[in-house]
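target_34.pdb follows (PDB, C-alpha atoms):
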ATOM      1  CA  MET A  13       7.487  13.390  -1.392
ATOM      2  CA  SER A  14       4.145  14.541  -2.704
ATOM      3  CA  SER A  15       1.169  13.008  -0.906
ATOM      4  CA  SER A  16      -0.871  13.302  -4.096
ATOM      5  CA  LEU A  17       1.102  10.601  -5.896
ATOM      6  CA  SER A  18      -0.792   7.448  -6.731
ATOM      7  CA  ALA A  19       0.469   4.023  -5.708
ATOM      8  CA  GLU A  20       1.364   3.381  -9.351
ATOM      9  CA  ASP A  21       3.359   6.629  -9.533
ATOM     10  CA  ARG A  22       5.281   5.636  -6.432
ATOM     11  CA  ALA A  23       5.878   2.103  -7.693
ATOM     12  CA  ARG A  24       7.360   3.353 -10.969
ATOM     13  CA  ARG A  25      10.225   5.046  -9.116
ATOM     14  CA  ILE A  26      11.299   2.023  -7.072
ATOM     15  CA  LYS A  27      14.837   0.688  -7.393
ATOM     16  CA  VAL A  28      15.119  -1.160  -4.067
ATOM     17  CA  LEU A  29      12.451  -3.416  -2.537
ATOM     18  CA  LEU A  30      12.831  -4.298   1.140
ATOM     19  CA  TYR A  31      10.929  -6.866   3.167
ATOM     20  CA  ASP A  32      10.327  -7.601   6.783
ATOM     21  CA  VAL A  33      10.366 -11.395   7.173
ATOM     22  CA  ASP A  34       8.079 -12.767   9.905
ATOM     23  CA  GLY A  35       4.459 -12.120   8.934
ATOM     24  CA  VAL A  36       5.488 -10.846   5.488
ATOM     25  CA  LEU A  37       7.529 -13.575   3.800
ATOM     26  CA  THR A  38       6.136 -16.076   6.317
ATOM     27  CA  ASN A  39       2.728 -16.346   7.979
ATOM     28  CA  GLY A  40       4.275 -15.150  11.232
ATOM     29  CA  ASP A  41       4.431 -18.541  12.925
ATOM     30  CA  ILE A  42       7.732 -19.289  14.650
ATOM     31  CA  THR A  43       8.155 -22.986  15.430
ATOM     32  CA  ILE A  44      10.985 -23.819  17.808
ATOM     33  CA  ILE A  45      12.086 -27.420  18.339
ATOM     34  CA  PRO A  46      14.116 -27.901  21.537
ATOM     35  CA  PRO A  47      17.476 -29.680  21.451
ATOM     36  CA  LEU A  48      17.028 -33.384  20.768
ATOM     37  CA  ASP A  49      19.154 -34.386  23.740
ATOM     38  CA  GLY A  50      16.992 -32.327  26.096
ATOM     39  CA  ASP A  51      19.904 -30.097  27.115
ATOM     40  CA  PRO A  52      18.331 -26.667  27.890
ATOM     41  CA  ASN A  53      21.607 -25.034  26.850
ATOM     42  CA  GLY A  54      21.736 -26.951  23.571
ATOM     43  CA  ARG A  55      20.882 -25.531  20.200
ATOM     44  CA  ALA A  56      17.195 -25.347  19.325
ATOM     45  CA  THR A  57      15.933 -25.552  15.752
ATOM     46  CA  GLU A  58      13.753 -22.768  14.360
ATOM     47  CA  ILE A  59      11.366 -23.493  11.510
ATOM     48  CA  LYS A  60       9.736 -20.991   9.162
ATOM     49  CA  ALA A  61       7.692 -21.658   6.026
ATOM     50  CA  PHE A  62       8.265 -19.480   2.960
ATOM     51  CA  SER A  63       6.042 -19.143  -0.100
ATOM     52  CA  ALA A  64       7.441 -20.528  -3.353
ATOM     53  CA  HIS A  65       5.435 -17.833  -5.150
ATOM     54  CA  ASP A  66       7.401 -15.165  -3.301
ATOM     55  CA  GLY A  67      10.660 -16.879  -4.217
ATOM     56  CA  MET A  68       9.727 -16.903  -7.889
ATOM     57  CA  GLY A  69       8.658 -13.279  -7.645
ATOM     58  CA  ILE A  70      11.982 -12.254  -6.136
ATOM     59  CA  SER A  71      13.801 -14.014  -8.977
ATOM     60  CA  ILE A  72      11.656 -12.106 -11.485
ATOM     61  CA  ALA A  73      12.224  -8.824  -9.636
ATOM     62  CA  ARG A  74      15.985  -9.293  -9.740
ATOM     63  CA  LEU A  75      15.760  -9.992 -13.469
ATOM     64  CA  ALA A  76      13.895  -6.690 -13.859
ATOM     65  CA  GLY A  77      16.744  -4.866 -12.119
ATOM     66  CA  LEU A  78      15.306  -4.407  -8.645
ATOM     67  CA  LYS A  79      17.610  -4.773  -5.667
ATOM     68  CA  ILE A  80      16.059  -6.829  -2.863
ATOM     69  CA  GLY A  81      16.634  -6.753   0.885
ATOM     70  CA  PHE A  82      15.468  -8.422   4.089
ATOM     71  CA  VAL A  83      15.290  -6.301   7.248
ATOM     72  CA  THR A  84      14.129  -8.245  10.293
ATOM     73  CA  LYS A  85      14.333  -8.036  14.069
ATOM     74  CA  ARG A  86      14.929 -11.738  14.666
ATOM     75  CA  ASN A  87      18.198 -13.516  14.018
ATOM     76  CA  SER A  88      17.579 -16.779  12.212
ATOM     77  CA  GLN A  89      19.716 -19.258  10.329
ATOM     78  CA  VAL A  90      16.607 -20.131   8.310
ATOM     79  CA  VAL A  91      16.425 -16.552   6.994
ATOM     80  CA  ALA A  92      20.130 -16.594   6.144
ATOM     81  CA  ILE A  93      19.672 -19.796   4.144
ATOM     82  CA  ARG A  94      16.632 -18.471   2.290
ATOM     83  CA  ALA A  95      18.429 -15.201   1.538
ATOM     84  CA  ARG A  96      21.391 -17.126   0.135
ATOM     85  CA  ASP A  97      19.175 -19.297  -2.060
ATOM     86  CA  LEU A  98      17.426 -16.215  -3.457
ATOM     87  CA  LYS A  99      20.650 -14.179  -3.830
ATOM     88  CA  ILE A 100      19.250 -11.350  -1.711
ATOM     89  CA  ASP A 101      21.329  -8.185  -2.071
ATOM     90  CA  HIS A 102      20.931  -6.864   1.477
ATOM     91  CA  VAL A 103      20.272  -8.966   4.591
ATOM     92  CA  TYR A 104      19.948  -7.236   7.947
ATOM     93  CA  GLN A 105      18.943  -9.406  10.892
ATOM     94  CA  GLY A 106      18.731  -8.406  14.555
ATOM     95  CA  GLN A 107      17.346  -4.983  13.626
ATOM     96  CA  SER A 108      15.325  -3.533  16.504
ATOM     97  CA  HIS A 109      15.636  -0.083  14.909
ATOM     98  CA  LYS A 110      15.169  -0.681  11.213
ATOM     99  CA  LEU A 111      15.940   2.882  10.128
ATOM    100  CA  ASP A 112      19.627   2.125  10.756
ATOM    101  CA  ALA A 113      19.551  -0.631   8.139
ATOM    102  CA  LEU A 114      17.586   1.611   5.788
ATOM    103  CA  GLN A 115      20.287   4.289   5.942
ATOM    104  CA  GLN A 116      23.011   1.740   5.225
ATOM    105  CA  ILE A 117      21.115   0.336   2.246
ATOM    106  CA  MET A 118      20.527   3.831   0.848
ATOM    107  CA  ALA A 119      24.245   4.551   1.078
ATOM    108  CA  ALA A 120      25.183   1.244  -0.550
ATOM    109  CA  GLU A 121      22.724   1.653  -3.417
ATOM    110  CA  HIS A 122      23.171   5.420  -3.842
ATOM    111  CA  CYS A 123      19.420   5.859  -3.872
ATOM    112  CA  THR A 124      16.854   8.148  -2.247
ATOM    113  CA  LEU A 125      13.943   7.316   0.010
ATOM    114  CA  ASP A 126      11.603   7.880  -2.931
ATOM    115  CA  GLU A 127      13.289   4.976  -4.711
ATOM    116  CA  ILE A 128      12.731   2.482  -1.898
ATOM    117  CA  ALA A 129       9.696   0.293  -1.199
ATOM    118  CA  TYR A 130       9.214  -1.547   2.066
ATOM    119  CA  VAL A 131       6.762  -4.324   2.876
ATOM    120  CA  GLY A 132       5.734  -4.660   6.517
ATOM    121  CA  ASP A 133       3.026  -6.048   8.765
ATOM    122  CA  ASP A 134       3.561  -4.867  12.346
ATOM    123  CA  ILE A 135       4.319  -1.746  14.330
ATOM    124  CA  ILE A 136       8.092  -2.301  14.324
ATOM    125  CA  ASP A 137       7.909  -1.536  10.594
ATOM    126  CA  LEU A 138       6.214   1.857  11.037
ATOM    127  CA  PRO A 139       9.362   4.046  11.215
ATOM    128  CA  VAL A 140      10.511   2.738   7.822
ATOM    129  CA  LEU A 141       7.051   2.693   6.251
ATOM    130  CA  ARG A 142       6.526   6.336   7.218
ATOM    131  CA  VAL A 143       9.561   7.566   5.280
ATOM    132  CA  VAL A 144      10.003   5.360   2.196
ATOM    133  CA  GLY A 145       8.621   6.298  -1.179
ATOM    134  CA  PHE A 146       6.331   3.297  -1.430
ATOM    135  CA  ALA A 147       4.947   1.817   1.795
ATOM    136  CA  ILE A 148       3.319  -1.590   1.399
ATOM    137  CA  ALA A 149       1.264  -3.445   4.009
ATOM    138  CA  THR A 150       0.357  -7.102   3.800
ATOM    139  CA  ALA A 151      -3.284  -8.185   3.949
ATOM    140  CA  ASN A 152      -2.654  -9.540   7.465
ATOM    141  CA  ALA A 153      -0.943  -6.351   8.695
ATOM    142  CA  ARG A 154      -1.954  -4.555  11.859
ATOM    143  CA  ALA A 155      -4.387  -1.650  11.446
ATOM    144  CA  GLN A 156      -1.672   0.906  12.257
ATOM    145  CA  VAL A 157       0.454  -0.417   9.407
ATOM    146  CA  LYS A 158      -2.381  -0.416   6.893
ATOM    147  CA  ALA A 159      -3.161   3.179   7.864
ATOM    148  CA  VAL A 160       0.208   4.444   6.574
ATOM    149  CA  ALA A 161       0.458   2.144   3.540
ATOM    150  CA  HIS A 162       0.237   3.346  -0.044
ATOM    151  CA  TYR A 163      -0.724  -0.174  -1.117
ATOM    152  CA  ILE A 164      -2.116  -3.238   0.685
ATOM    153  CA  THR A 165      -1.391  -6.623  -0.844
ATOM    154  CA  PRO A 166      -4.369  -8.852  -1.710
ATOM    155  CA  LEU A 167      -2.693 -11.852  -0.064
ATOM    156  CA  PRO A 168      -1.378 -12.232   3.493
ATOM    157  CA  GLY A 169       2.192 -12.819   4.562
ATOM    158  CA  GLY A 170       3.576 -16.240   3.748
ATOM    159  CA  GLN A 171       0.880 -16.798   1.137
ATOM    160  CA  GLY A 172       2.058 -14.602  -1.711
ATOM    161  CA  ALA A 173       2.147 -11.068  -0.285
ATOM    162  CA  GLY A 174       5.774 -10.707  -1.334
ATOM    163  CA  ARG A 175       4.864 -11.643  -4.896
ATOM    164  CA  ASP A 176       1.910  -9.218  -4.841
ATOM    165  CA  ALA A 177       4.290  -6.343  -4.121
ATOM    166  CA  ILE A 178       6.583  -7.332  -6.987
ATOM    167  CA  ASP A 179       3.763  -7.827  -9.472
ATOM    168  CA  PHE A 180       2.362  -4.406  -8.592
ATOM    169  CA  ILE A 181       5.710  -2.627  -8.998
ATOM    170  CA  LEU A 182       6.615  -4.327 -12.269
ATOM    171  CA  SER A 183       3.091  -3.831 -13.635
ATOM    172  CA  ALA A 184       3.282  -0.116 -12.820
ATOM    173  CA  ARG A 185       6.589   0.020 -14.705
ATOM    174  CA  GLY A 186       5.011  -1.839 -17.619
ATOM    175  CA  VAL A 187       7.593  -4.630 -17.543
ATOM    176  CA  LEU A 188       5.904  -7.514 -15.734
ATOM    177  CA  GLU A 189       4.954  -9.576 -18.772
ATOM    178  CA  THR A 190       8.210  -8.971 -20.650
ATOM    179  CA  THR A 191      10.223  -9.890 -17.551
ATOM    180  CA  ILE A 192       8.216 -13.092 -17.128
ATOM    181  CA  GLU A 193       8.935 -14.022 -20.740
ATOM    182  CA  ALA A 194      12.628 -13.272 -20.226
ATOM    183  CA  TYR A 195      12.613 -15.549 -17.191
ATOM    184  CA  LEU A 196      10.985 -18.329 -19.215
ATOM    185  CA  ASP A 197      13.619 -18.067 -21.954
ATOM    186  CA  PRO A 198      15.678 -21.293 -21.676
ATOM    187  CA  LYS A 199      18.790 -19.335 -22.656
ATOM    188  CA  ASN A 200      18.491 -17.009 -19.663
ATOM    189  CA  ALA A 201      21.398 -17.838 -17.354
ATOM    190  CA  GLU A 202      20.060 -15.705 -14.512
ATOM    191  CA  ALA A 203      16.780 -17.613 -14.446
ATOM    192  CA  LYS A 204      18.624 -20.946 -14.410
ATOM    193  CA  SER A 205      20.593 -19.996 -11.323
ATOM    194  CA  ALA A 206      17.718 -18.409  -9.380
ATOM    195  CA  ASP A 207      16.311 -20.119  -6.268
ATOM    196  CA  ILE A 208      17.673 -23.566  -6.947
ATOM    197  CA  GLY A 209      16.535 -24.721  -3.530
ATOM    198  CA  ALA A 210      19.903 -25.618  -2.072
ATOM    199  CA  GLY A 211      18.527 -25.307   1.426
ATOM    200  CA  ASN A 212      21.167 -26.259   3.973
ATOM    201  CA  MET A 213      22.812 -28.966   1.875
TER     202      MET A 213
END
Using structure tokens, write down the structure that the file contains.
Amino acid sequence: MSSSLSAEDRARRIKVLLYDVDGVLTNGDITIIPPLDGDPNGRATEIKAFSAHDGMGISIARLAGLKIGFVTKRNSQVVAIRARDLKIDHVYQGQSHKLDALQQIMAAEHCTLDEIAYVGDDIIDLPVLRVVGFAIATANARAQVKAVAHYITPLPGGQGAGRDAIDFILSARGVLETTIEAYLDPKNAEAKSADIGAGNM
């Protein structure tokens, strides 16, 4: 990879967009409700809040041909549900060493590092951010993450950072507005089925 490439140059090559979850697609808060019966061995409930703007952005990105993935250290049913609702192509939870997931995604998509973007916010994301073609830090990211990023989103995690990354990539490719119009077309079957908010029903 040439270090002289601009962020726009890097964005134009992207085929796969990967996200960390906590602090990127959420604000980083992890709310845990203990079992209702008070049993310490019972099942607790974990709550995360996702941005609807990010969900819409992911639907638009998929329409533009991008493959989307979540790569996160925590295991969470909430993330699995959100990934299902958004039809995420690659979901890797429980990833303490995220390069392993990156290698598996590259093999599945038959793509190179230059064709992958990753959005992160904390030091666990550094190994991936250091090698992908387009490293993106959220506005709320740690200083070490921002230092290696090719682009820093205007908005923080959980408040539209995921959408910022998509808008930047599609704008660099010159397809953002046409993809939005395609999404708004009432005849577009893909748009109709995107993020219907099934939740856990």
**Request:** Take the point (3.4, -4.4, -9.4) as written in the file and pick out every residue within 12 Å of it, counting only C-alpha atoms; give the list as a ChimeraX atom specification.
**Result:** /A:19-26,29,69,72-73,76,78,129,146,148,163-166,173-189,191
**Request:** Write out as a list of chain:residue names each polymer residue whose atoms come within 7 Å of stretch 36-44 of chain A, counting all atoms listed in the file; drop sequence neighbours fewer than 3 positions from it.
**Result:**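 Non-adjacent residues within range: A:Asp32, A:Val33, A:Ala56, A:Thr57, A:Glu58, A:Ile59, A:Lys60, A:Ala61, A:Phe62, A:Ser63, A:Gly132, A:Asp133, A:Thr150, A:Gly169, A:Gly170, A:Ala173, A:Gly174.
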Taking all listed atoms of stretch 82-94 of chain A, build the axis-aligned box, pad each of the six sides by 5 Å, then write its centre and edge lengths in Å to one decimal as lines of an AutoDock Vina configuration file.
center_x = 17.1
center_y = -13.2
center_z = 8.5
size_x = 16.0
size_y = 23.8
size_z = 22.4
**Message:** Could you list, as a ChimeraX atom specification, every residue within 10 Å of A:Asp137, counting only C-alpha atoms and ignoring same-chain residues fewer than 5 positions away?
**Reply:** /A:31-32,83-85,108-111,130-132,142,147,149,157
**Request:** Rounded to one decimal place, report the atom CA of A:Phe82-atom CA of A:Glu193 distance in Å.
**Result:**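 That distance, rounded to one decimal, is 26.3 Å.
The nearest approach to A:Arg74 among the residues A:Asp51, A:Ala113, A:Val28, A:Leu141, with all atoms listed in the file taken into account, belongs to A:Val28.
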Render stretch 91-104 of chain A from the structure in the preceding block as a file of all heavy atoms, as a CSV table (one decimal), in the first residue's frame.
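Output (selection.csv):
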chain,number,residue,atom,x,y,z
A,91,VAL,N,-26.3,-8.1,19.5
A,91,VAL,CA,-25.5,-7.9,18.2
A,91,VAL,C,-26.0,-8.9,17.2
A,91,VAL,O,-26.2,-8.5,16.0
A,91,VAL,CB,-24.0,-8.0,18.5
A,91,VAL,CG1,-23.3,-8.0,17.1
A,91,VAL,CG2,-23.5,-6.9,19.4
A,92,ALA,N,-26.3,-10.1,17.6
A,92,ALA,CA,-26.7,-11.1,16.6
A,92,ALA,C,-28.1,-10.7,16.0
A,92,ALA,O,-28.3,-10.9,14.8
A,92,ALA,CB,-26.9,-12.5,17.3
A,93,ILE,N,-29.0,-10.2,16.9
A,93,ILE,CA,-30.3,-9.7,16.4
A,93,ILE,C,-30.1,-8.6,15.4
A,93,ILE,O,-30.8,-8.6,14.3
A,93,ILE,CB,-31.2,-9.4,17.6
A,93,ILE,CG1,-31.6,-10.6,18.4
A,93,ILE,CG2,-32.5,-8.6,17.1
A,93,ILE,CD1,-32.2,-10.3,19.7
A,94,ARG,N,-29.3,-7.6,15.8
A,94,ARG,CA,-29.1,-6.4,14.9
A,94,ARG,C,-28.5,-6.9,13.6
A,94,ARG,O,-28.9,-6.4,12.5
A,94,ARG,CB,-28.3,-5.4,15.6
A,94,ARG,CG,-28.2,-4.1,14.9
A,94,ARG,CD,-29.5,-3.4,14.8
A,94,ARG,NE,-29.4,-2.1,14.1
A,94,ARG,CZ,-30.4,-1.6,13.3
A,94,ARG,NH1,-31.5,-2.3,13.1
A,94,ARG,NH2,-30.2,-0.4,12.8
A,95,ALA,N,-27.5,-7.8,13.6
A,95,ALA,CA,-26.9,-8.2,12.4
A,95,ALA,C,-27.9,-9.0,11.5
A,95,ALA,O,-27.9,-8.8,10.3
A,95,ALA,CB,-25.7,-9.2,12.8
A,96,ARG,N,-28.8,-9.7,12.1
A,96,ARG,CA,-29.8,-10.4,11.3
A,96,ARG,C,-30.8,-9.4,10.7
A,96,ARG,O,-31.1,-9.5,9.5
A,96,ARG,CB,-30.6,-11.4,12.2
A,96,ARG,CG,-31.7,-12.2,11.5
A,96,ARG,CD,-32.7,-12.8,12.5
A,96,ARG,NE,-33.5,-11.7,13.1
A,96,ARG,CZ,-34.2,-11.9,14.2
A,96,ARG,NH1,-34.2,-13.0,14.8
A,96,ARG,NH2,-34.9,-10.9,14.7
A,97,ASP,N,-31.2,-8.4,11.4
A,97,ASP,CA,-32.1,-7.4,10.9
A,97,ASP,C,-31.5,-6.7,9.7
A,97,ASP,O,-32.2,-6.3,8.8
A,97,ASP,CB,-32.5,-6.4,12.0
A,97,ASP,CG,-33.5,-7.0,13.0
A,97,ASP,OD1,-34.0,-8.1,12.8
A,97,ASP,OD2,-33.8,-6.3,14.0
A,98,LEU,N,-30.2,-6.4,9.8
A,98,LEU,CA,-29.5,-5.7,8.8
A,98,LEU,C,-28.9,-6.5,7.7
A,98,LEU,O,-28.3,-6.0,6.8
A,98,LEU,CB,-28.4,-4.8,9.4
A,98,LEU,CG,-28.9,-3.6,10.2
A,98,LEU,CD1,-27.7,-3.0,10.9
A,98,LEU,CD2,-29.7,-2.6,9.4
A,99,LYS,N,-29.1,-7.9,7.8
A,99,LYS,CA,-28.6,-8.8,6.8
A,99,LYS,C,-27.0,-8.7,6.6
A,99,LYS,O,-26.5,-8.6,5.5
A,99,LYS,CB,-29.2,-8.6,5.4
A,99,LYS,CG,-30.7,-8.8,5.5
A,99,LYS,CD,-31.3,-8.6,4.1
A,99,LYS,CE,-32.8,-8.8,4.0
A,99,LYS,NZ,-33.4,-8.6,2.7
A,100,ILE,N,-26.4,-8.6,7.8
A,100,ILE,CA,-24.9,-8.4,7.7
A,100,ILE,C,-24.2,-9.7,7.2
A,100,ILE,O,-24.6,-10.8,7.5
A,100,ILE,CB,-24.4,-8.1,9.1
A,100,ILE,CG1,-25.0,-6.8,9.7
A,100,ILE,CG2,-22.8,-8.0,9.1
A,100,ILE,CD1,-24.8,-5.6,8.8
A,101,ASP,N,-23.3,-9.5,6.3
A,101,ASP,CA,-22.7,-10.6,5.5
A,101,ASP,C,-21.8,-11.4,6.4
A,101,ASP,O,-21.7,-12.7,6.3
A,101,ASP,CB,-21.9,-10.1,4.3
A,101,ASP,CG,-22.7,-9.3,3.4
A,101,ASP,OD1,-23.5,-10.0,2.7
A,101,ASP,OD2,-22.6,-8.1,3.3
A,102,HIS,N,-21.0,-10.8,7.3
A,102,HIS,CA,-20.0,-11.5,8.1
A,102,HIS,C,-20.2,-11.0,9.6
A,102,HIS,O,-20.1,-9.8,9.9
A,102,HIS,CB,-18.6,-11.2,7.7
A,102,HIS,CG,-18.4,-11.6,6.2
A,102,HIS,ND1,-18.1,-12.9,5.8
A,102,HIS,CD2,-18.4,-10.8,5.1
A,102,HIS,CE1,-18.0,-12.9,4.5
A,102,HIS,NE2,-18.1,-11.6,4.1
A,103,VAL,N,-20.4,-11.9,10.5
A,103,VAL,CA,-20.6,-11.6,11.9
A,103,VAL,C,-19.6,-12.4,12.7
A,103,VAL,O,-19.7,-13.7,12.8
A,103,VAL,CB,-22.0,-11.8,12.4
A,103,VAL,CG1,-22.1,-11.4,13.9
A,103,VAL,CG2,-23.0,-11.0,11.6
A,104,TYR,N,-18.6,-11.8,13.3
A,104,TYR,CA,-17.6,-12.5,14.2
A,104,TYR,C,-17.7,-11.9,15.6
A,104,TYR,O,-17.2,-10.8,15.8
A,104,TYR,CB,-16.2,-12.3,13.6
A,104,TYR,CG,-16.0,-13.2,12.3
A,104,TYR,CD1,-16.4,-12.7,11.1
A,104,TYR,CD2,-15.4,-14.4,12.4
A,104,TYR,CE1,-16.2,-13.5,9.9
A,104,TYR,CE2,-15.2,-15.2,11.3
A,104,TYR,CZ,-15.6,-14.7,10.0
A,104,TYR,OH,-15.4,-15.5,8.9
